[in-house]
file input39.txt (compact mmCIF, C-alpha atoms)
# COMPACT_ATOMS: atom_id res chain seq x y z
CA MET T 3 35.49 47.38 3.97
CA ALA T 4 31.81 46.81 3.21
CA SER T 5 32.77 45.36 -0.17
CA MET T 6 35.15 42.91 1.50
CA LEU T 7 32.48 41.84 3.96
CA ARG T 8 30.01 41.26 1.13
CA LYS T 9 32.54 39.17 -0.75
CA ALA T 10 33.28 37.14 2.37
CA LEU T 11 29.57 36.64 2.98
CA VAL T 12 28.96 35.54 -0.60
CA ALA T 13 31.94 33.18 -0.44
CA GLY T 14 30.68 31.73 2.83
CA LEU T 15 27.18 31.22 1.47
CA ALA T 16 28.56 29.61 -1.69
CA LEU T 17 30.66 27.27 0.42
CA LEU T 18 27.60 26.39 2.53
CA VAL T 19 25.53 25.68 -0.58
CA VAL T 20 28.26 23.46 -2.03
CA ALA T 21 28.66 21.60 1.27
CA ALA T 22 24.90 21.11 1.58
CA GLY T 23 24.69 19.91 -2.00
CA CYS T 24 27.52 17.42 -1.48
CA GLY T 25 25.89 16.16 1.69
CA ALA T 26 22.52 15.77 -0.03
CA TRP T 27 24.07 13.87 -2.94
CA PHE T 28 26.01 11.64 -0.54
CA GLY T 29 22.79 10.90 1.34
CA SER T 30 20.96 10.04 -1.87
CA GLU T 31 23.78 7.68 -2.85
CA ALA T 32 23.44 5.87 0.48
CA SER T 33 19.72 5.49 -0.22
CA VAL T 34 19.56 4.42 -3.86
CA GLN T 35 23.02 3.34 -5.04
CA VAL T 36 23.37 -0.36 -5.86
CA VAL T 37 26.27 -1.95 -3.95
CA HIS T 38 27.39 -5.59 -3.90
CA TYR T 39 29.37 -6.58 -0.82
CA GLY T 40 31.65 -9.50 -0.05
CA THR T 41 35.24 -8.51 0.84
CA SER T 42 37.06 -9.89 3.87
CA ASN T 43 36.89 -7.91 7.11
CA THR T 44 38.94 -10.00 9.56
CA ASN T 45 41.74 -12.56 9.79
CA VAL T 46 42.15 -15.83 11.67
CA LEU T 47 44.88 -15.33 14.27
CA ALA T 48 44.66 -18.71 16.01
CA THR T 49 42.55 -21.86 16.33
CA GLY T 50 42.04 -23.99 19.39
CA ASP T 51 39.87 -26.77 20.75
CA GLY T 52 36.53 -25.71 19.31
CA THR T 53 37.49 -22.02 19.12
CA VAL T 54 38.70 -19.49 16.58
CA THR T 55 40.62 -16.29 17.37
CA LEU T 56 39.99 -13.34 15.07
CA THR T 57 41.23 -9.81 14.62
CA GLU T 58 39.42 -7.57 17.10
CA THR T 59 36.92 -5.29 15.36
CA HIS T 60 33.54 -3.81 16.24
CA GLU T 61 31.89 -6.68 14.36
CA THR T 62 33.90 -9.58 15.79
CA THR T 63 33.24 -8.49 19.39
CA LYS T 64 29.44 -8.56 19.12
CA PRO T 65 27.60 -10.98 21.43
CA GLY T 66 25.54 -13.75 19.84
CA ILE T 67 25.69 -16.06 16.81
CA TYR T 68 27.51 -15.01 13.64
CA TRP T 69 29.29 -16.58 10.68
CA LEU T 70 32.82 -16.48 9.32
CA GLU T 71 33.06 -17.17 5.60
CA TRP T 72 36.19 -17.71 3.56
CA THR T 73 36.94 -19.19 0.16
CA GLY T 74 34.79 -22.28 -0.22
CA SER T 75 33.92 -22.77 3.43
CA PHE T 76 32.37 -21.29 6.58
CA THR T 77 31.95 -21.70 10.32
CA MET T 78 29.14 -20.64 12.65
CA LEU T 79 30.54 -18.88 15.68
CA GLY T 80 28.99 -18.41 19.11
CA ASP T 81 29.63 -15.90 21.88
CA VAL T 82 33.01 -14.43 22.71
CA VAL T 83 34.88 -16.64 25.19
CA SER T 84 37.92 -14.41 25.69
CA ARG T 85 39.53 -11.17 24.54
CA SER T 86 43.04 -9.75 24.56
CA PRO T 87 44.49 -6.66 22.88
CA GLY T 88 43.69 -6.93 19.17
CA LYS T 89 42.24 -10.45 19.49
CA VAL T 90 38.80 -12.00 20.02
CA THR T 91 38.21 -15.71 20.61
CA ARG T 92 34.81 -17.19 19.81
CA ARG T 93 33.37 -20.67 20.10
CA VAL T 94 32.82 -22.76 16.95
CA LEU T 95 29.22 -24.00 16.79
CA LEU T 96 29.04 -25.50 13.33
CA GLY T 97 31.15 -25.97 10.22
CA SER T 98 34.84 -26.37 9.54
CA THR T 99 37.74 -24.64 11.28
CA PRO T 100 39.79 -22.21 9.19
CA SER T 101 43.55 -22.39 9.11
CA LEU T 102 45.83 -19.82 10.69
CA GLY T 103 46.13 -16.60 8.67
CA THR T 104 42.91 -17.11 6.68
CA PRO T 105 41.23 -13.85 5.67
CA GLY T 106 37.44 -14.08 6.05
CA TYR T 107 34.19 -12.19 6.18
CA PHE T 108 32.52 -11.99 9.60
CA GLY T 109 28.82 -11.29 9.23
CA ASN T 110 25.34 -11.75 10.64
CA VAL T 111 23.77 -13.78 7.81
CA PRO T 112 24.14 -17.48 6.96
CA PRO T 113 26.47 -18.56 4.16
CA GLY T 114 25.62 -19.94 0.77
CA ASP T 115 22.17 -21.37 0.16
CA PRO T 116 19.66 -23.47 2.17
CA LYS T 117 21.73 -26.64 1.69
CA VAL T 118 25.01 -25.01 2.68
CA ALA T 119 23.59 -23.10 5.63
CA TRP T 120 21.23 -25.67 7.13
CA GLY T 121 21.50 -28.89 5.11
CA ILE T 122 17.99 -28.33 3.68
CA ASP T 123 17.35 -29.40 0.09
CA PHE T 124 16.06 -26.78 -2.32
CA SER T 125 15.68 -25.98 -5.99
CA GLU T 126 16.22 -22.74 -7.85
CA VAL T 127 13.28 -21.34 -9.79
CA MET T 128 13.20 -18.34 -12.08
CA ILE T 129 10.64 -15.60 -11.52
CA PRO T 130 9.46 -13.93 -14.74
CA THR T 131 9.49 -10.27 -13.64
CA GLU T 132 8.61 -7.37 -15.93
CA LEU T 133 12.34 -6.71 -16.40
CA GLY T 134 13.38 -10.31 -16.98
CA PRO T 135 13.98 -13.52 -15.01
CA ALA T 136 15.05 -13.26 -11.36
CA PRO T 137 16.25 -16.31 -9.39
CA ALA T 138 14.60 -17.60 -6.20
CA TRP T 139 15.26 -20.50 -3.86
CA HIS T 140 12.35 -22.88 -3.29
CA VAL T 141 12.20 -25.31 -0.38
CA PRO T 142 9.18 -27.62 -0.75
CA GLY T 143 6.72 -28.13 2.08
CA LYS T 144 3.21 -29.27 2.91
CA GLY T 145 0.02 -27.44 2.04
CA THR T 146 -0.68 -24.50 -0.22
CA THR T 147 0.26 -21.59 2.07
CA TRP T 148 3.72 -20.45 1.03
CA PHE T 149 6.24 -18.45 3.06
CA VAL T 150 7.86 -15.82 0.82
CA ALA T 151 10.99 -13.99 2.02
CA VAL T 152 12.25 -10.59 0.81
CA HIS T 153 15.71 -9.31 1.73
CA GLY T 154 16.73 -5.72 2.32
CA GLN T 155 18.68 -2.94 0.64
CA ASN T 156 21.73 -4.23 -1.26
CA GLY T 157 21.29 -7.56 0.50
CA ARG T 158 21.28 -11.11 -0.77
CA ARG T 159 18.85 -14.00 -0.54
CA LYS T 160 21.00 -15.66 2.10
CA ALA T 161 20.06 -12.86 4.52
CA GLU T 162 16.61 -14.49 4.80
CA LEU T 163 17.92 -17.94 5.73
CA LYS T 164 17.99 -17.33 9.49
CA VAL T 165 14.24 -17.95 9.67
CA LEU T 166 14.29 -21.03 7.41
CA PRO T 167 14.75 -23.75 10.08
CA VAL T 168 11.52 -22.71 11.86
CA VAL T 169 9.59 -22.39 8.60
CA HIS T 170 10.85 -25.80 7.46
CA GLU T 171 10.02 -27.36 10.82
CA LEU T 172 6.42 -26.15 10.42
CA GLY T 173 6.25 -27.60 6.93
CA LEU T 174 5.52 -24.39 5.01
CA PRO T 175 6.82 -24.21 1.44
CA TYR T 176 9.50 -21.51 1.39
CA LEU T 177 10.39 -19.11 -1.42
CA ASP T 178 13.38 -16.77 -1.01
CA ILE T 179 13.26 -14.23 -3.83
CA SER T 180 15.60 -11.80 -5.54
CA TYR T 181 14.51 -8.58 -7.19
CA ARG T 182 15.78 -5.90 -9.58
CA ASN T 183 19.45 -4.92 -9.18
CA ASP T 184 20.30 -8.07 -7.19
CA GLU T 185 23.19 -10.22 -8.36
CA GLY T 186 21.75 -12.51 -11.03
CA ALA T 187 18.55 -10.46 -11.36
CA PRO T 188 17.68 -7.82 -13.97
CA ARG T 189 18.96 -4.29 -13.65
CA SER T 190 16.40 -1.53 -13.12
CA PRO T 191 16.07 0.92 -16.04
CA ASP T 192 17.93 3.66 -14.15
CA GLY T 193 20.28 1.32 -12.29
CA LEU T 194 19.08 2.63 -8.92
CA LEU T 195 17.13 1.31 -5.96
CA HIS T 196 13.60 2.69 -5.58
CA LEU T 197 13.19 1.87 -1.85
CA GLY T 198 10.24 -0.46 -2.48
CA ASP T 199 8.35 1.87 -4.80
CA SER T 200 8.98 -0.37 -7.84
CA GLU T 201 10.55 -3.48 -6.28
CA TRP T 202 7.14 -4.60 -4.94
CA ARG T 203 6.21 -5.60 -8.50
CA ASP T 204 8.95 -8.24 -8.44
CA LEU T 205 7.42 -9.62 -5.24
CA GLU T 206 4.06 -9.72 -7.01
CA ALA T 207 5.65 -11.62 -9.90
CA ALA T 208 7.09 -14.12 -7.40
CA LEU T 209 3.64 -14.77 -5.92
CA ARG T 210 2.20 -15.31 -9.38
CA ARG T 211 4.93 -17.86 -10.07
CA ALA T 212 4.21 -19.54 -6.73
CA GLN T 213 0.54 -19.78 -7.71
CA GLN T 214 1.61 -21.68 -10.82
CA LEU T 215 3.50 -24.07 -8.52
CA GLY T 216 0.43 -24.67 -6.30
CA ALA T 217 0.33 -21.82 -3.78
CA THR T 218 -3.05 -20.38 -2.84
CA ARG T 219 -2.23 -18.31 0.28
CA PHE T 220 0.90 -16.56 1.53
CA VAL T 221 2.93 -15.48 4.54
CA LEU T 222 5.28 -12.61 3.68
CA TYR T 223 8.58 -12.03 5.49
CA GLY T 224 10.57 -8.84 4.87
CA THR T 225 13.75 -7.59 6.50
CA SER T 226 14.97 -3.98 6.34
CA MET T 227 13.97 -2.50 2.95
CA GLY T 228 12.28 -5.84 2.30
CA GLY T 229 9.69 -4.74 4.87
CA GLN T 230 8.94 -1.62 2.81
CA ILE T 231 8.68 -3.79 -0.32
CA VAL T 232 6.12 -5.96 1.48
CA GLY T 233 4.27 -2.83 2.66
CA GLN T 234 4.07 -1.43 -0.85
CA PHE T 235 2.85 -4.79 -2.13
CA LEU T 236 0.05 -4.77 0.48
CA ALA T 237 -0.83 -1.23 -0.56
CA ARG T 238 -0.80 -1.72 -4.33
CA SER T 239 -1.05 -5.34 -5.46
CA SER T 240 -4.25 -7.09 -6.50
CA LEU T 241 -2.81 -10.20 -4.84
CA ALA T 242 -2.53 -8.57 -1.41
CA ARG T 243 -5.70 -10.22 -0.08
CA LEU T 244 -4.11 -13.63 -0.54
CA VAL T 245 -1.70 -12.80 2.31
CA ASP T 246 -2.62 -14.36 5.66
CA LYS T 247 0.25 -13.04 7.79
CA VAL T 248 3.27 -10.78 7.61
CA ILE T 249 6.55 -10.79 9.53
CA MET T 250 8.83 -7.75 9.37
CA ASP T 251 12.30 -7.67 10.89
CA ALA T 252 13.83 -4.18 11.32
CA PRO T 253 11.75 -2.84 8.45
CA MET T 254 12.17 0.47 6.66
CA VAL T 255 8.84 1.78 7.94
CA ASP T 256 9.35 5.45 7.02
CA VAL T 257 11.94 6.56 4.46
CA ARG T 258 12.15 10.11 5.82
CA MET T 259 12.90 8.84 9.32
CA THR T 260 15.55 6.54 7.86
CA SER T 261 17.14 9.52 6.06
CA GLU T 262 17.14 11.55 9.28
CA GLN T 263 18.87 8.68 11.08
CA GLY T 264 21.47 8.54 8.31
CA ALA T 265 22.21 12.23 8.78
CA ARG T 266 22.61 11.69 12.53
CA ASN T 267 24.99 8.79 11.90
CA TYR T 268 27.30 11.12 9.95
CA HIS T 269 26.80 14.05 12.34
CA LEU T 270 25.12 16.12 9.64
CA PRO T 271 22.41 18.73 10.28
CA ALA T 272 18.82 17.55 9.95
CA PHE T 273 18.10 19.69 6.89
CA ILE T 274 20.60 17.58 4.90
CA ALA T 275 18.22 14.60 5.23
CA ALA T 276 15.39 16.63 3.69
CA LEU T 277 17.67 17.77 0.86
CA SER T 278 18.81 14.19 0.35
CA ASP T 279 15.20 13.05 0.01
CA LEU T 280 14.62 15.74 -2.62
CA VAL T 281 17.62 14.45 -4.57
CA VAL T 282 16.29 10.89 -4.28
CA GLU T 283 12.95 12.03 -5.70
CA TRP T 284 14.69 13.90 -8.54
CA ARG T 285 16.89 10.91 -9.41
CA THR T 286 14.23 8.17 -9.18
CA GLY T 287 10.79 9.78 -9.47
CA VAL T 288 9.84 8.16 -6.14
CA ASP T 289 7.43 10.04 -3.85
CA VAL T 290 9.34 9.69 -0.58
CA ASP T 291 6.39 10.88 1.53
CA GLN T 292 4.28 7.95 0.35
CA LEU T 293 6.90 5.48 1.58
CA SER T 294 5.71 5.65 5.16
CA MET T 295 3.66 2.74 6.44
CA SER T 296 2.84 4.73 9.57
CA ARG T 297 1.40 7.75 7.76
CA TYR T 298 0.10 5.84 4.75
CA PRO T 299 -0.70 2.34 6.03
CA PRO T 300 -1.52 -0.31 3.42
CA LYS T 301 -5.15 -0.97 2.59
CA VAL T 302 -4.70 -4.70 3.24
CA ARG T 303 -3.42 -5.28 6.77
CA PRO T 304 -2.94 -8.93 7.74
CA PRO T 305 -1.77 -9.79 11.26
CA LEU T 306 1.81 -8.56 11.59
CA LEU T 307 4.69 -9.79 13.73
CA LEU T 308 7.05 -6.82 14.02
CA ILE T 309 10.60 -7.47 15.24
CA HIS T 310 13.12 -4.72 15.94
CA THR T 311 16.22 -4.12 18.06
CA SER T 312 16.39 -0.97 20.19
CA PRO T 313 20.03 -0.09 19.26
CA ASP T 314 19.33 -0.19 15.49
CA THR T 315 21.15 2.79 13.92
CA GLU T 316 19.94 2.20 10.33
CA HIS T 317 16.19 2.08 10.86
CA PRO T 318 15.64 3.58 14.31
CA ILE T 319 13.33 1.88 16.76
CA GLU T 320 11.02 4.91 16.55
CA GLU T 321 9.99 3.73 13.07
CA ALA T 322 8.69 0.46 14.49
CA ARG T 323 7.05 2.14 17.47
CA GLY T 324 5.30 4.54 15.11
CA LEU T 325 3.90 1.63 13.14
CA VAL T 326 2.66 0.02 16.35
CA ALA T 327 0.86 3.27 17.24
CA THR T 328 -0.74 3.31 13.78
CA GLY T 329 -1.81 -0.27 14.30
CA ARG T 330 -3.58 0.61 17.54
CA ARG T 331 -5.43 3.45 15.83
CA LEU T 332 -6.59 1.20 13.00
CA SER T 333 -7.20 -1.96 15.07
CA TRP T 334 -4.47 -3.59 13.01
CA ASP T 335 -3.24 -6.77 14.74
CA ILE T 336 0.46 -5.98 15.29
CA ARG T 337 2.49 -8.10 17.69
CA PHE T 338 5.64 -6.22 18.60
CA GLU T 339 8.85 -7.94 19.72
CA GLU T 340 11.43 -5.36 20.78
CA PHE T 341 14.91 -6.75 21.48
CA PRO T 342 17.15 -4.71 23.83
CA GLN T 343 20.38 -5.83 22.12
CA GLY T 344 21.59 -6.19 18.57
CA GLU T 345 22.27 -3.89 15.65
CA HIS T 346 20.31 -3.75 12.40
CA THR T 347 18.54 -7.08 11.63
CA GLU T 348 20.44 -8.79 14.45
CA ALA T 349 17.57 -9.81 16.74
CA TRP T 350 18.02 -13.45 15.69
CA ASN T 351 21.77 -13.26 16.23
CA VAL T 352 21.58 -11.93 19.79
CA ASP T 353 18.69 -14.14 20.93
CA ARG T 354 17.93 -16.96 18.52
CA ALA T 355 15.75 -18.83 21.01
CA ARG T 356 13.42 -15.87 21.56
CA TYR T 357 13.31 -15.01 17.86
CA ASP T 358 12.49 -18.56 16.79
CA ARG T 359 9.90 -18.88 19.55
CA ALA T 360 8.12 -15.70 18.45
CA VAL T 361 8.07 -16.71 14.78
CA ARG T 362 6.95 -20.26 15.58
CA ALA T 363 4.10 -19.08 17.80
CA PHE T 364 2.97 -16.50 15.24
CA LEU T 365 2.97 -18.95 12.36
CA ALA T 366 1.28 -21.69 14.36
CA THR T 367 -1.77 -19.62 15.31
CA ASP T 368 -4.99 -19.91 13.32
CA ARG T 369 -4.86 -18.00 10.07
CA SER T 370 -6.94 -14.86 10.01
CA ARG T 371 -7.09 -11.71 7.90
CA ASN T 372 -8.29 -8.20 8.34
CA GLY T 373 -8.06 -4.90 6.47
call {"tool": "encode", "arguments": {"input": "input39.txt", "output": "structure tokens"}}
result
Amino acid sequence: MASMLRKALVAGLALLVVAAGCGAWFGSEASVQVVHYGTSNTNVLATGDGTVTLTETHETTKPGIYWLEWTGSFTMLGDVVSRSPGKVTRRVLLGSTPSLGTPGYFGNVPPGDPKVAWGIDFSEVMIPTELGPAPAWHVPGKGTTWFVAVHGQNGRRKAELKVLPVVHELGLPYLDISYRNDEGAPRSPDGLLHLGDSEWRDLEAALRRAQQLGATRFVLYGTSMGGQIVGQFLARSSLARLVDKVIMDAPMVDVRMTSEQGARNYHLPAFIAALSDLVVEWRTGVDVDQLSMSRYPPKVRPPLLLIHTSPDTEHPIEEARGLVATGRRLSWDIRFEEFPQGEHTEAWNVDRARYDRAVRAFLATDRSRNG
């Protein structure tokens, strides 16, 4: 009997170890695996007078401004005007109307490039990174202070186009960069994301290229993991003191907190997040502890506009609030805009007027630096 109990106990422990190991590996994949998105996620069920009816999903029922993309075209859609079982009707704000039965991708970022999304002329420049050339979009402007945008984890440059109309209105030259593992950019040596720990060097290379094109000062804009890339740049780059201002939208402030949120999202115990971080460190050589702007704030700390939505389930609002608390302790000028609605990086989508107003006011104030 005792022998049977021991065998059962050993089998149970082995099963637990295997399950924990699988969970930790899965968590590390979510953190560092390179993924390129783009498949359709809805269908056009009907079109009307300035409206489009789509398949009802969690995404297509969100309030605010979103885009529907399909082969060779797009439309900007406004709020939901009606719903029925399995169907959602939204108002068309801009673009063409798709035909009945069209499969499309409903998402929260603009389509295409600056010209496609907003009718703004641009050129493509190549950034000579340490791994090879990486493409960037350049919209010319006035003056020598450039606005440089950095997208998030497994994102695309078009994710940073929501802010472009305000930047263009203010006349700032705009540079929307790519970095290692992006489509069209060089692959990292291990083929994995490093959560900002190495990607910041591609941002540094972009600023050096901008200097060759006439830039002398910079405003940095980072969304999601792009915020962590900006933070690591401010902590490590010799060019950091050329930055006048920073805007972060739903940034990855603390990688451990992000991992813990990921475990909660999949209803996994908290210790799986810690194991996942260990696997990330083993696979990439990254020191996860150091990737916390709250616990290890950058040495150079320009005025920061921090934007975050309360319901964010990728980078929880506590990450942003923790950074604000750090800012108070260090007399770091952080202006915090917390939006009560919207999922990850959707503050602009749920309240474009407020978002644009906050960015415009922040960029229009006199330039100053600290840190």
call {"tool": "atom_distance", "arguments": {"input": "input39.txt", "atom1": "atom CA of Ser261 of chain T", "atom2": "atom CA of Pro313 of chain T"}}
result
16.6 Å
call {"tool": "residues_around", "arguments": {"input": "input39.txt", "residues": "Ser84 of chain T", "least_positions_apart": "3", "cutoff": "12 Å", "atoms": "only C-alpha atoms", "output": "NGL selection string"}}
result
:T and (53-56 or 58 or 62-63 or 65 or 80-81 or 87-93)
call {"tool": "closest_residue", "arguments": {"input": "input39.txt", "among": "T:Arg182, T:Arg359, T:Lys160, T:His170", "to": "Ser200 of chain T", "atoms": "all atoms listed in the file"}}
result
T:Arg182
call {"tool": "closest_residue", "arguments": {"input": "input39.txt", "among": "T:Leu95, T:Gly157, T:Gly52, T:Gly173", "to": "Gly66 of chain T", "atoms": "all atoms listed in the file"}}
result
T:Leu95
call {"tool": "atom_distance", "arguments": {"input": "input39.txt", "atom1": "atom CA of Ala217 of chain T", "atom2": "atom CA of Pro188 of chain T"}}
result
24.5 Å
call {"tool": "atom_distance", "arguments": {"input": "input39.txt", "atom1": "atom CA of Phe341 of chain T", "atom2": "atom CA of His310 of chain T"}}
result
6.2 Å
call {"tool": "residues_near_point", "arguments": {"input": "input39.txt", "point": "(6.2, -12.1, 9.8)", "cutoff": "7 Å", "atoms": "all atoms listed in the file", "output": "number ranges by chain"}}
result
T: 222-223, 247-250, 306-308
call {"tool": "residues_around", "arguments": {"input": "input39.txt", "residues": "Asn183 of chain T", "least_positions_apart": "6", "cutoff": "12 Å", "atoms": "all atoms listed in the file", "output": "short mmCIF file (atom, residue, chain, number, x, y, z; two decimals) with C-alpha atoms, in the coordinates of the input"}}
result
data_model
loop_
_atom_site.label_atom_id
_atom_site.label_comp_id
_atom_site.auth_asym_id
_atom_site.auth_seq_id
_atom_site.Cartn_x
_atom_site.Cartn_y
_atom_site.Cartn_z
CA VAL T 34 19.56 4.42 -3.86
CA GLN T 35 23.02 3.34 -5.04
CA VAL T 36 23.37 -0.36 -5.86
CA VAL T 37 26.27 -1.95 -3.95
CA HIS T 38 27.39 -5.59 -3.90
CA LEU T 133 12.34 -6.71 -16.40
CA GLY T 134 13.38 -10.31 -16.98
CA PRO T 135 13.98 -13.52 -15.01
CA ALA T 136 15.05 -13.26 -11.36
CA PRO T 137 16.25 -16.31 -9.39
CA GLY T 154 16.73 -5.72 2.32
CA GLN T 155 18.68 -2.94 0.64
CA ASN T 156 21.73 -4.23 -1.26
CA GLY T 157 21.29 -7.56 0.50
CA ARG T 158 21.28 -11.11 -0.77
CA ARG T 189 18.96 -4.29 -13.65
CA SER T 190 16.40 -1.53 -13.12
CA PRO T 191 16.07 0.92 -16.04
CA ASP T 192 17.93 3.66 -14.15
CA GLY T 193 20.28 1.32 -12.29
CA LEU T 194 19.08 2.63 -8.92
CA LEU T 195 17.13 1.31 -5.96
CA HIS T 196 13.60 2.69 -5.58
CA LEU T 197 13.19 1.87 -1.85
CA SER T 200 8.98 -0.37 -7.84
CA GLU T 201 10.55 -3.48 -6.28
CA ASP T 204 8.95 -8.24 -8.44
#
call {"tool": "closest_residue", "arguments": {"input": "input39.txt", "among": "T:Gly216, T:Pro167, T:Gly50, T:Gly106", "to": "Ser75 of chain T", "atoms": "only C-alpha atoms"}}
result
T:Gly106
call {"tool": "residues_around", "arguments": {"input": "input39.txt", "residues": "Trp202 of chain T", "least_positions_apart": "4", "cutoff": "8 Å", "atoms": "all atoms listed in the file", "output": "list in words"}}
result
Gly198, Glu206, Ile231, Val232, Gln234 and Phe235 of chain T
call {"tool": "closest_residue", "arguments": {"input": "input39.txt", "among": "T:Val169, T:Ala208, T:Ile309, T:Met227", "to": "Phe149 of chain T", "atoms": "all atoms listed in the file"}}
result
T:Val169
call {"tool": "residues_near_point", "arguments": {"input": "input39.txt", "point": "(9.2, -0.1, 11.2)", "cutoff": "8 Å", "atoms": "all atoms listed in the file", "output": "list of chain:residue names"}}
result
T:Gly229, T:Met250, T:Ala252, T:Pro253, T:Met254, T:Val255, T:Asp256, T:Met295, T:Leu308, T:His310, T:His317, T:Ile319, T:Glu320, T:Glu321, T:Ala322, T:Arg323, T:Gly324, T:Leu325
call {"tool": "decode", "arguments": {"input": "input39.txt", "residues": "segment 64-79 of chain T", "atoms": "N, CA, C and O atoms", "output": "tab-separated table (two decimals), in the first residue's frame"}}
result
chain	number	residue	atom	x	y	z
T	64	LYS	N	-16.57	46.56	-30.48
T	64	LYS	CA	-15.93	47.57	-29.64
T	64	LYS	C	-16.41	48.98	-30.01
T	64	LYS	O	-16.60	49.29	-31.19
T	65	PRO	N	-16.58	49.85	-29.02
T	65	PRO	CA	-16.93	51.25	-29.33
T	65	PRO	C	-15.71	52.00	-29.84
T	65	PRO	O	-14.57	51.70	-29.46
T	66	GLY	N	-15.92	52.98	-30.72
T	66	GLY	CA	-14.82	53.82	-31.16
T	66	GLY	C	-14.55	53.72	-32.65
T	66	GLY	O	-15.40	53.30	-33.44
T	67	ILE	N	-13.33	54.11	-33.04
T	67	ILE	CA	-12.90	54.16	-34.44
T	67	ILE	C	-11.94	53.01	-34.72
T	67	ILE	O	-10.94	52.84	-34.03
T	68	TYR	N	-12.26	52.24	-35.76
T	68	TYR	CA	-11.42	51.11	-36.16
T	68	TYR	C	-11.37	51.05	-37.67
T	68	TYR	O	-12.00	51.85	-38.37
T	69	TRP	N	-10.60	50.09	-38.19
T	69	TRP	CA	-10.46	49.94	-39.63
T	69	TRP	C	-10.79	48.53	-40.07
T	69	TRP	O	-10.51	47.56	-39.36
T	70	LEU	N	-11.38	48.42	-41.26
T	70	LEU	CA	-11.58	47.14	-41.92
T	70	LEU	C	-10.71	47.15	-43.17
T	70	LEU	O	-10.85	48.02	-44.03
T	71	GLU	N	-9.81	46.18	-43.26
T	71	GLU	CA	-8.94	46.06	-44.43
T	71	GLU	C	-9.28	44.79	-45.19
T	71	GLU	O	-9.58	43.76	-44.59
T	72	TRP	N	-9.25	44.87	-46.50
T	72	TRP	CA	-9.38	43.69	-47.33
T	72	TRP	C	-8.46	43.88	-48.54
T	72	TRP	O	-7.76	44.89	-48.63
T	73	THR	N	-8.41	42.94	-49.41
T	73	THR	CA	-7.43	42.94	-50.49
T	73	THR	C	-7.46	44.26	-51.26
T	73	THR	O	-8.44	44.56	-51.96
T	74	GLY	N	-6.39	45.05	-51.09
T	74	GLY	CA	-6.24	46.26	-51.89
T	74	GLY	C	-7.06	47.44	-51.45
T	74	GLY	O	-7.04	48.49	-52.12
T	75	SER	N	-7.77	47.37	-50.34
T	75	SER	CA	-8.60	48.51	-49.96
T	75	SER	C	-8.86	48.49	-48.46
T	75	SER	O	-8.48	47.57	-47.74
T	76	PHE	N	-9.56	49.55	-47.99
T	76	PHE	CA	-9.87	49.67	-46.57
T	76	PHE	C	-11.02	50.64	-46.38
T	76	PHE	O	-11.36	51.42	-47.28
T	77	THR	N	-11.60	50.61	-45.19
T	77	THR	CA	-12.55	51.62	-44.76
T	77	THR	C	-12.34	51.91	-43.28
T	77	THR	O	-12.01	51.00	-42.51
T	78	MET	N	-12.48	53.17	-42.90
T	78	MET	CA	-12.47	53.54	-41.48
T	78	MET	C	-13.90	53.51	-40.97
T	78	MET	O	-14.79	54.10	-41.57
T	79	LEU	N	-14.09	52.81	-39.86
T	79	LEU	CA	-15.43	52.61	-39.33
T	79	LEU	C	-15.58	53.30	-37.98
T	79	LEU	O	-14.67	53.27	-37.15
